[in-house]
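Structure file run-v6.cif (mmCIF, N, CA and C atoms and all ligand atoms) follows.
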```
data_input
#
loop_
_atom_site.label_atom_id
_atom_site.label_comp_id
_atom_site.auth_asym_id
_atom_site.auth_seq_id
_atom_site.Cartn_x
_atom_site.Cartn_y
_atom_site.Cartn_z
N MET A 1 154.48 111.80 57.39
CA MET A 1 153.12 111.28 57.28
C MET A 1 153.04 110.24 56.18
N THR A 2 152.48 109.10 56.49
CA THR A 2 152.34 108.06 55.47
C THR A 2 151.01 108.21 54.77
N GLN A 3 150.92 107.58 53.63
CA GLN A 3 149.67 107.66 52.87
C GLN A 3 148.52 107.04 53.65
N GLN A 4 148.81 106.02 54.46
CA GLN A 4 147.76 105.34 55.21
C GLN A 4 147.08 106.26 56.21
N SER A 5 147.78 107.30 56.64
CA SER A 5 147.21 108.16 57.66
C SER A 5 146.25 109.21 57.08
N VAL A 6 146.21 109.30 55.77
CA VAL A 6 145.33 110.28 55.14
C VAL A 6 143.95 109.66 54.93
N ASN A 7 142.96 110.34 55.42
CA ASN A 7 141.60 109.81 55.31
C ASN A 7 141.11 109.75 53.87
N ARG A 8 140.42 108.68 53.59
CA ARG A 8 139.76 108.57 52.29
C ARG A 8 138.45 109.32 52.33
N CYS A 9 138.16 110.01 51.27
CA CYS A 9 136.88 110.70 51.15
C CYS A 9 135.77 109.64 51.05
N PRO A 10 134.71 109.75 51.86
CA PRO A 10 133.65 108.74 51.81
C PRO A 10 132.84 108.79 50.52
N CYS A 11 132.97 109.88 49.78
CA CYS A 11 132.20 110.02 48.55
C CYS A 11 132.97 109.49 47.34
N CYS A 12 134.13 110.07 47.05
CA CYS A 12 134.85 109.69 45.83
C CYS A 12 135.91 108.63 46.11
N GLY A 13 136.32 108.46 47.37
CA GLY A 13 137.26 107.42 47.72
C GLY A 13 138.72 107.80 47.60
N TYR A 14 139.00 109.00 47.09
CA TYR A 14 140.39 109.43 47.00
C TYR A 14 140.90 109.89 48.36
N ARG A 15 142.19 109.76 48.56
CA ARG A 15 142.79 110.08 49.86
C ARG A 15 143.13 111.57 49.95
N THR A 16 142.11 112.37 49.99
CA THR A 16 142.34 113.81 50.03
C THR A 16 142.54 114.31 51.45
N GLY A 17 141.95 113.60 52.44
CA GLY A 17 142.18 113.94 53.83
C GLY A 17 141.67 115.31 54.24
N CYS A 18 140.80 115.90 53.46
CA CYS A 18 140.31 117.24 53.76
C CYS A 18 138.89 117.17 54.32
N THR A 19 138.50 118.21 55.00
CA THR A 19 137.12 118.29 55.47
C THR A 19 136.19 118.40 54.26
N THR A 20 136.52 119.33 53.38
CA THR A 20 135.79 119.41 52.12
C THR A 20 136.72 118.91 51.03
N CYS A 21 136.32 117.83 50.38
CA CYS A 21 137.17 117.17 49.41
C CYS A 21 137.35 118.02 48.15
N PRO A 22 138.58 118.29 47.73
CA PRO A 22 138.79 119.10 46.53
C PRO A 22 138.48 118.35 45.24
N VAL A 23 138.35 117.03 45.33
CA VAL A 23 138.11 116.23 44.12
C VAL A 23 136.61 116.11 43.81
N CYS A 24 135.79 116.01 44.87
CA CYS A 24 134.34 115.87 44.63
C CYS A 24 133.51 116.93 45.35
N PHE A 25 134.15 117.67 46.25
CA PHE A 25 133.52 118.72 47.04
C PHE A 25 132.51 118.20 48.05
N TRP A 26 132.60 116.94 48.39
CA TRP A 26 131.83 116.42 49.53
C TRP A 26 132.47 116.93 50.80
N THR A 27 131.66 117.36 51.77
CA THR A 27 132.19 117.76 53.06
C THR A 27 131.98 116.62 54.05
N ASP A 28 133.08 116.12 54.60
CA ASP A 28 133.02 114.98 55.49
C ASP A 28 132.45 115.40 56.85
N ASP A 29 131.22 114.98 57.12
CA ASP A 29 130.61 115.31 58.41
C ASP A 29 130.38 114.04 59.22
N GLY A 30 131.15 113.01 58.91
CA GLY A 30 131.06 111.77 59.68
C GLY A 30 130.13 110.74 59.08
N GLN A 31 129.46 111.09 58.01
CA GLN A 31 128.55 110.14 57.37
C GLN A 31 129.37 109.04 56.67
N SER A 32 128.88 107.81 56.75
CA SER A 32 129.61 106.69 56.18
C SER A 32 128.62 105.69 55.59
N ASP A 33 129.12 104.53 55.21
CA ASP A 33 128.27 103.52 54.58
C ASP A 33 127.03 103.19 55.41
N ALA A 34 127.18 103.21 56.73
CA ALA A 34 126.09 102.81 57.61
C ALA A 34 124.86 103.71 57.45
N ASP A 35 125.10 104.97 57.13
CA ASP A 35 123.97 105.90 57.00
C ASP A 35 124.06 106.70 55.70
N ALA A 36 124.55 106.03 54.65
CA ALA A 36 124.79 106.70 53.37
C ALA A 36 123.52 107.23 52.73
N GLY A 37 122.38 106.61 53.07
CA GLY A 37 121.13 107.04 52.44
C GLY A 37 120.46 108.19 53.15
N MET A 38 121.03 108.60 54.26
CA MET A 38 120.41 109.65 55.06
C MET A 38 120.79 111.04 54.54
N VAL A 39 119.83 111.92 54.45
CA VAL A 39 120.12 113.31 54.14
C VAL A 39 120.36 114.02 55.46
N ALA A 40 121.62 114.33 55.73
CA ALA A 40 121.98 114.83 57.04
C ALA A 40 121.81 116.35 57.16
N GLY A 41 121.52 117.00 56.05
CA GLY A 41 121.48 118.46 56.08
C GLY A 41 122.90 118.96 56.21
N GLY A 42 123.13 119.98 57.01
CA GLY A 42 124.49 120.44 57.24
C GLY A 42 125.18 120.88 55.98
N PRO A 43 126.52 120.69 55.93
CA PRO A 43 127.31 121.24 54.83
C PRO A 43 126.97 120.65 53.47
N ASN A 44 126.40 119.45 53.46
CA ASN A 44 126.11 118.82 52.18
C ASN A 44 124.66 119.05 51.72
N GLY A 45 123.96 119.86 52.47
CA GLY A 45 122.62 120.26 52.04
C GLY A 45 121.68 119.09 51.89
N GLU A 46 121.00 119.04 50.76
CA GLU A 46 119.94 118.06 50.55
C GLU A 46 120.47 116.76 49.96
N VAL A 47 121.79 116.62 49.86
CA VAL A 47 122.38 115.47 49.20
C VAL A 47 122.84 114.44 50.23
N SER A 48 122.36 113.22 50.10
CA SER A 48 122.86 112.14 50.95
C SER A 48 124.18 111.64 50.38
N LEU A 49 124.89 110.83 51.16
CA LEU A 49 126.16 110.30 50.67
C LEU A 49 125.94 109.41 49.44
N SER A 50 124.86 108.65 49.44
CA SER A 50 124.55 107.83 48.26
C SER A 50 124.32 108.69 47.02
N ASP A 51 123.56 109.76 47.19
CA ASP A 51 123.32 110.69 46.08
C ASP A 51 124.63 111.31 45.60
N ALA A 52 125.47 111.68 46.56
CA ALA A 52 126.73 112.34 46.22
C ALA A 52 127.63 111.40 45.41
N ARG A 53 127.63 110.13 45.78
CA ARG A 53 128.43 109.16 45.03
C ARG A 53 127.90 109.01 43.61
N LEU A 54 126.59 109.00 43.49
CA LEU A 54 125.97 108.90 42.17
C LEU A 54 126.30 110.15 41.35
N ASN A 55 126.20 111.31 41.98
CA ASN A 55 126.53 112.56 41.29
C ASN A 55 127.99 112.56 40.85
N PHE A 56 128.86 112.04 41.72
CA PHE A 56 130.28 112.00 41.36
C PHE A 56 130.50 111.12 40.13
N ALA A 57 129.75 110.02 40.05
CA ALA A 57 129.86 109.13 38.88
C ALA A 57 129.38 109.83 37.61
N ILE A 58 128.37 110.67 37.76
CA ILE A 58 127.79 111.34 36.59
C ILE A 58 128.53 112.63 36.25
N TYR A 59 128.69 113.49 37.26
CA TYR A 59 129.22 114.85 37.02
C TYR A 59 130.69 115.00 37.39
N GLY A 60 131.24 114.04 38.14
CA GLY A 60 132.60 114.21 38.63
C GLY A 60 132.66 115.14 39.82
N ALA A 61 131.51 115.32 40.50
CA ALA A 61 131.43 116.16 41.69
C ALA A 61 130.26 115.68 42.52
N SER A 62 130.29 115.96 43.83
CA SER A 62 129.25 115.44 44.71
C SER A 62 127.90 116.11 44.47
N HIS A 63 127.93 117.24 43.83
CA HIS A 63 126.70 117.92 43.41
C HIS A 63 126.98 118.61 42.09
N ARG A 64 125.97 118.68 41.27
CA ARG A 64 126.08 119.30 39.95
C ARG A 64 126.68 120.70 40.02
N ARG A 65 126.33 121.44 41.09
CA ARG A 65 126.79 122.83 41.18
C ARG A 65 128.29 122.94 41.44
N TYR A 66 128.92 121.82 41.82
CA TYR A 66 130.36 121.86 42.09
C TYR A 66 131.20 121.42 40.90
N ARG A 67 130.55 121.16 39.79
CA ARG A 67 131.28 120.65 38.61
C ARG A 67 132.49 121.51 38.25
N ASP A 68 132.34 122.82 38.40
CA ASP A 68 133.39 123.73 37.93
C ASP A 68 134.47 124.04 38.97
N VAL A 69 134.26 123.59 40.21
CA VAL A 69 135.24 123.93 41.25
C VAL A 69 136.10 122.74 41.66
N VAL A 70 135.69 121.55 41.29
CA VAL A 70 136.49 120.38 41.66
C VAL A 70 137.73 120.28 40.79
N ARG A 71 138.71 119.53 41.28
CA ARG A 71 139.93 119.30 40.50
C ARG A 71 140.16 117.80 40.37
N ALA A 72 141.01 117.43 39.45
CA ALA A 72 141.35 116.02 39.27
C ALA A 72 142.19 115.55 40.45
N PRO A 73 142.05 114.30 40.86
CA PRO A 73 142.88 113.78 41.95
C PRO A 73 144.34 113.70 41.54
N ARG A 74 145.24 113.93 42.52
CA ARG A 74 146.66 113.75 42.26
C ARG A 74 147.01 112.28 42.37
N SER A 75 148.17 111.92 41.85
CA SER A 75 148.57 110.51 41.86
C SER A 75 148.74 109.98 43.28
N ASP A 76 149.10 110.86 44.22
CA ASP A 76 149.28 110.39 45.59
C ASP A 76 147.97 110.32 46.37
N GLU A 77 146.88 110.63 45.72
CA GLU A 77 145.58 110.58 46.38
C GLU A 77 144.74 109.40 45.91
N LEU A 78 145.31 108.58 45.03
CA LEU A 78 144.54 107.45 44.52
C LEU A 78 144.19 106.50 45.66
N PRO A 79 143.01 105.90 45.62
CA PRO A 79 142.57 105.04 46.71
C PRO A 79 143.49 103.83 46.92
ZN ZN B 101 135.80 113.26 47.52
#
```

Here is a file; write its structure as structure tokens.
Amino acid sequence: MTQQSVNRCPCCGYRTGCTTCPVCFWTDDGQSDADAGMVAGGPNGEVSLSDARLNFAIYGASHRRYRDVVRAPRSDELP
């Protein structure tokens, strides 16, 4: 598997390739730049992708409550 085949997290941008990103705890439900301002409900609750990116910049996690469960990105996950 090459690095290019690993999906980038739409929230933090690291190549974690997971449904729920271990770096920011955003759950990828198909939301992208086109609808980043939408609150989709679902696994990410009341947080839109735009909010999650802002939270990641502030707290290092897509939501404040995930601050303690996220981990630092590995070197092979850098965007
Ligand atoms: Zn992420």

Contacts of ligand ZN 101 (chain B), 8 Å or closer, only N, CA and C atoms and all ligand atoms, given as a PyMOL selection string
chain A and resi 8-17+20-27+61-62

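Nearest residue to A:Val6 among A:Pro79, A:Gly30, A:Pro73, A:Gly37 is A:Pro79, counting only C-alpha atoms.
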
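The space separating atom CA of A:Leu49 from atom CA of A:Ala36 comes to 4.7 Å.
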
DSSP helix (DSSP H, G or I) selection over stretch 8-52 of chain A, as a ChimeraX atom specification:
/A:33-35,42-44,49-52

What box, with edges along x, y and z, holds each listed atom of stretch 43-62 of chain A when 3 Å is added on every side, and can you state its centre and edge lengths in Å to one decimal, as lines of an AutoDock Vina configuration file?
```
center_x = 126.3
center_y = 114.5
center_z = 46.1
size_x = 18.7
size_y = 19.4
size_z = 25.7
```
